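Structure first, commentary second.
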Amino acid sequence: MSEAKVRMLKMEPIKVRCKSCSKEIKSAAGKSVCCGCENMTTIKGDVISAVDLSKVIMLNTYTTKKDGGLSTEQIEWQEQRRKRKVRRLDFEVR
């Protein structure tokens with residue numbers, strides 16, 4: 001499975017309420033869910049969209065942990081590599 005699908009399966013569903021139609025929408029993994037009123041509040045994955053987002057209330061929130069990128073060892077290695085000198089080779093011209 002791709003990393004995004006695994007993350008979606010582990011994440012608790014997002015819940016929002018549309019103020020226009022007072023309908024609660026709960027996200028489903030891999031599908032887009034819509035309220036169907038004129039505001040068209042839609043949840044797809046971790047993205048919430050609507051015609052007017054001021055008419056949408058978040059009922060629960062979630063946090064995603066972003067990987068810091070490089071470990072301290074890798075950062076040190078990159079710093080050492082950046083500081084090294086470039087050797088120029090002299091070629092004989094005929």
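Chain lettering (A, B, ...) mirrors the order of the structure tokens, residue numbering begins at 1 for each chain separately, and ligand numbering begins at 1 in order of display.
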Residues of chain A classed as strand (DSSP E or B) by DSSP on the backbone are to be reported as an NGL selection string.
:A and (15-18 or 23-26 or 28 or 31-34 or 42-44 or 47-49 or 56-58)
Distance query Ile25 of chain A at most 7 Å, only C-alpha atoms, self and fewer than 3 positions along chain excluded, as a ChimeraX atom specification:
/A:15-17,35
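Within chain A, DSSP run on the backbone puts these residues in helix (DSSP H, G or I): Glu3, Ala4, Lys5, Val6, Arg7, Met8, Leu9, Lys10, Leu53, Ser54, Lys55, Thr72, Glu73, Gln74, Ile75, Glu76, Trp77, Gln78, Glu79, Gln80, Arg81, Arg82 and Lys83 of chain A.
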Export, as a tab-separated table (two decimals), in the first residue's frame, the selected residues with N, CA and C atoms.
chain	number	residue	atom	x	y	z
A	3	GLU	N	2.04	5.03	1.03
A	3	GLU	CA	2.17	5.66	2.35
A	3	GLU	C	0.95	6.53	2.67
A	4	ALA	N	0.38	7.17	1.67
A	4	ALA	CA	-0.77	8.04	1.91
A	4	ALA	C	-1.99	7.23	2.35
A	5	LYS	N	-2.19	6.06	1.74
A	5	LYS	CA	-3.33	5.22	2.12
A	5	LYS	C	-3.16	4.68	3.53
A	6	VAL	N	-1.96	4.29	3.89
A	6	VAL	CA	-1.71	3.78	5.24
A	6	VAL	C	-1.96	4.89	6.26
A	7	ARG	N	-1.53	6.12	5.94
A	7	ARG	CA	-1.74	7.25	6.84
A	7	ARG	C	-3.23	7.53	7.00
A	8	MET	N	-4.01	7.43	5.92
A	8	MET	CA	-5.44	7.67	5.98
A	8	MET	C	-6.15	6.62	6.82
A	9	LEU	N	-5.69	5.37	6.75
A	9	LEU	CA	-6.33	4.31	7.51
A	9	LEU	C	-6.08	4.47	9.00
A	10	LYS	N	-4.91	4.99	9.38
A	10	LYS	CA	-4.58	5.15	10.79
A	10	LYS	C	-5.20	6.41	11.39
A	53	LEU	N	-16.21	28.91	3.26
A	53	LEU	CA	-15.66	28.18	4.40
A	53	LEU	C	-16.06	28.80	5.74
A	54	SER	N	-16.57	30.03	5.75
A	54	SER	CA	-17.03	30.61	7.01
A	54	SER	C	-18.31	29.93	7.49
A	55	LYS	N	-18.95	29.16	6.62
A	55	LYS	CA	-20.16	28.43	6.99
A	55	LYS	C	-19.86	26.98	7.37
A	72	THR	N	20.57	13.83	12.91
A	72	THR	CA	21.73	14.65	13.26
A	72	THR	C	23.00	14.12	12.60
A	73	GLU	N	23.12	12.80	12.47
A	73	GLU	CA	24.29	12.21	11.79
A	73	GLU	C	24.34	12.65	10.33
A	74	GLN	N	23.20	12.62	9.68
A	74	GLN	CA	23.14	13.00	8.28
A	74	GLN	C	23.43	14.48	8.09
A	75	ILE	N	22.98	15.32	9.01
A	75	ILE	CA	23.27	16.76	8.93
A	75	ILE	C	24.76	17.01	9.09
A	76	GLU	N	25.40	16.33	10.06
A	76	GLU	CA	26.85	16.48	10.25
A	76	GLU	C	27.61	16.04	9.01
A	77	TRP	N	27.18	14.93	8.40
A	77	TRP	CA	27.84	14.43	7.19
A	77	TRP	C	27.72	15.45	6.06
A	78	GLN	N	26.53	16.06	5.93
A	78	GLN	CA	26.33	17.07	4.89
A	78	GLN	C	27.21	18.29	5.12
A	79	GLU	N	27.35	18.71	6.39
A	79	GLU	CA	28.19	19.86	6.71
A	79	GLU	C	29.65	19.58	6.38
A	80	GLN	N	30.13	18.37	6.72
A	80	GLN	CA	31.50	18.01	6.40
A	80	GLN	C	31.71	17.97	4.89
A	81	ARG	N	30.76	17.45	4.19
A	81	ARG	CA	30.85	17.36	2.73
A	81	ARG	C	30.86	18.75	2.10
A	82	ARG	N	30.11	19.67	2.67
A	82	ARG	CA	30.03	21.03	2.14
A	82	ARG	C	31.35	21.77	2.34
A	83	LYS	N	32.07	21.47	3.41
A	83	LYS	CA	33.31	22.17	3.74
A	83	LYS	C	34.53	21.65	2.99
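Using only C-alpha atoms, the shortest contact distance between Pro13 of chain A and any of A:Ala28, A:Met58, A:Cys34, A:Met40 is found at A:Ala28.
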Could you jot down the atom CA of Glu12 of chain A to atom CA of Gly68 of chain A separation for me, Å, one decimal place?
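So the two atoms, atom CA of Glu12 of chain A and atom CA of Gly68 of chain A, lie 22.6 Å apart.
Interatomic distance, atom CA of Val47 of chain A to atom CA of Lys23 of chain A: 17.7 Å.
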I need the residue nearest Val56 of chain A from this list: A:Arg87, A:Lys44, A:Lys31, A:Lys19. Use only C-alpha atoms for the distance.
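Checking each of A:Arg87, A:Lys44, A:Lys31, A:Lys19 against Val56 of chain A, counting only C-alpha atoms, the winner is A:Lys19.
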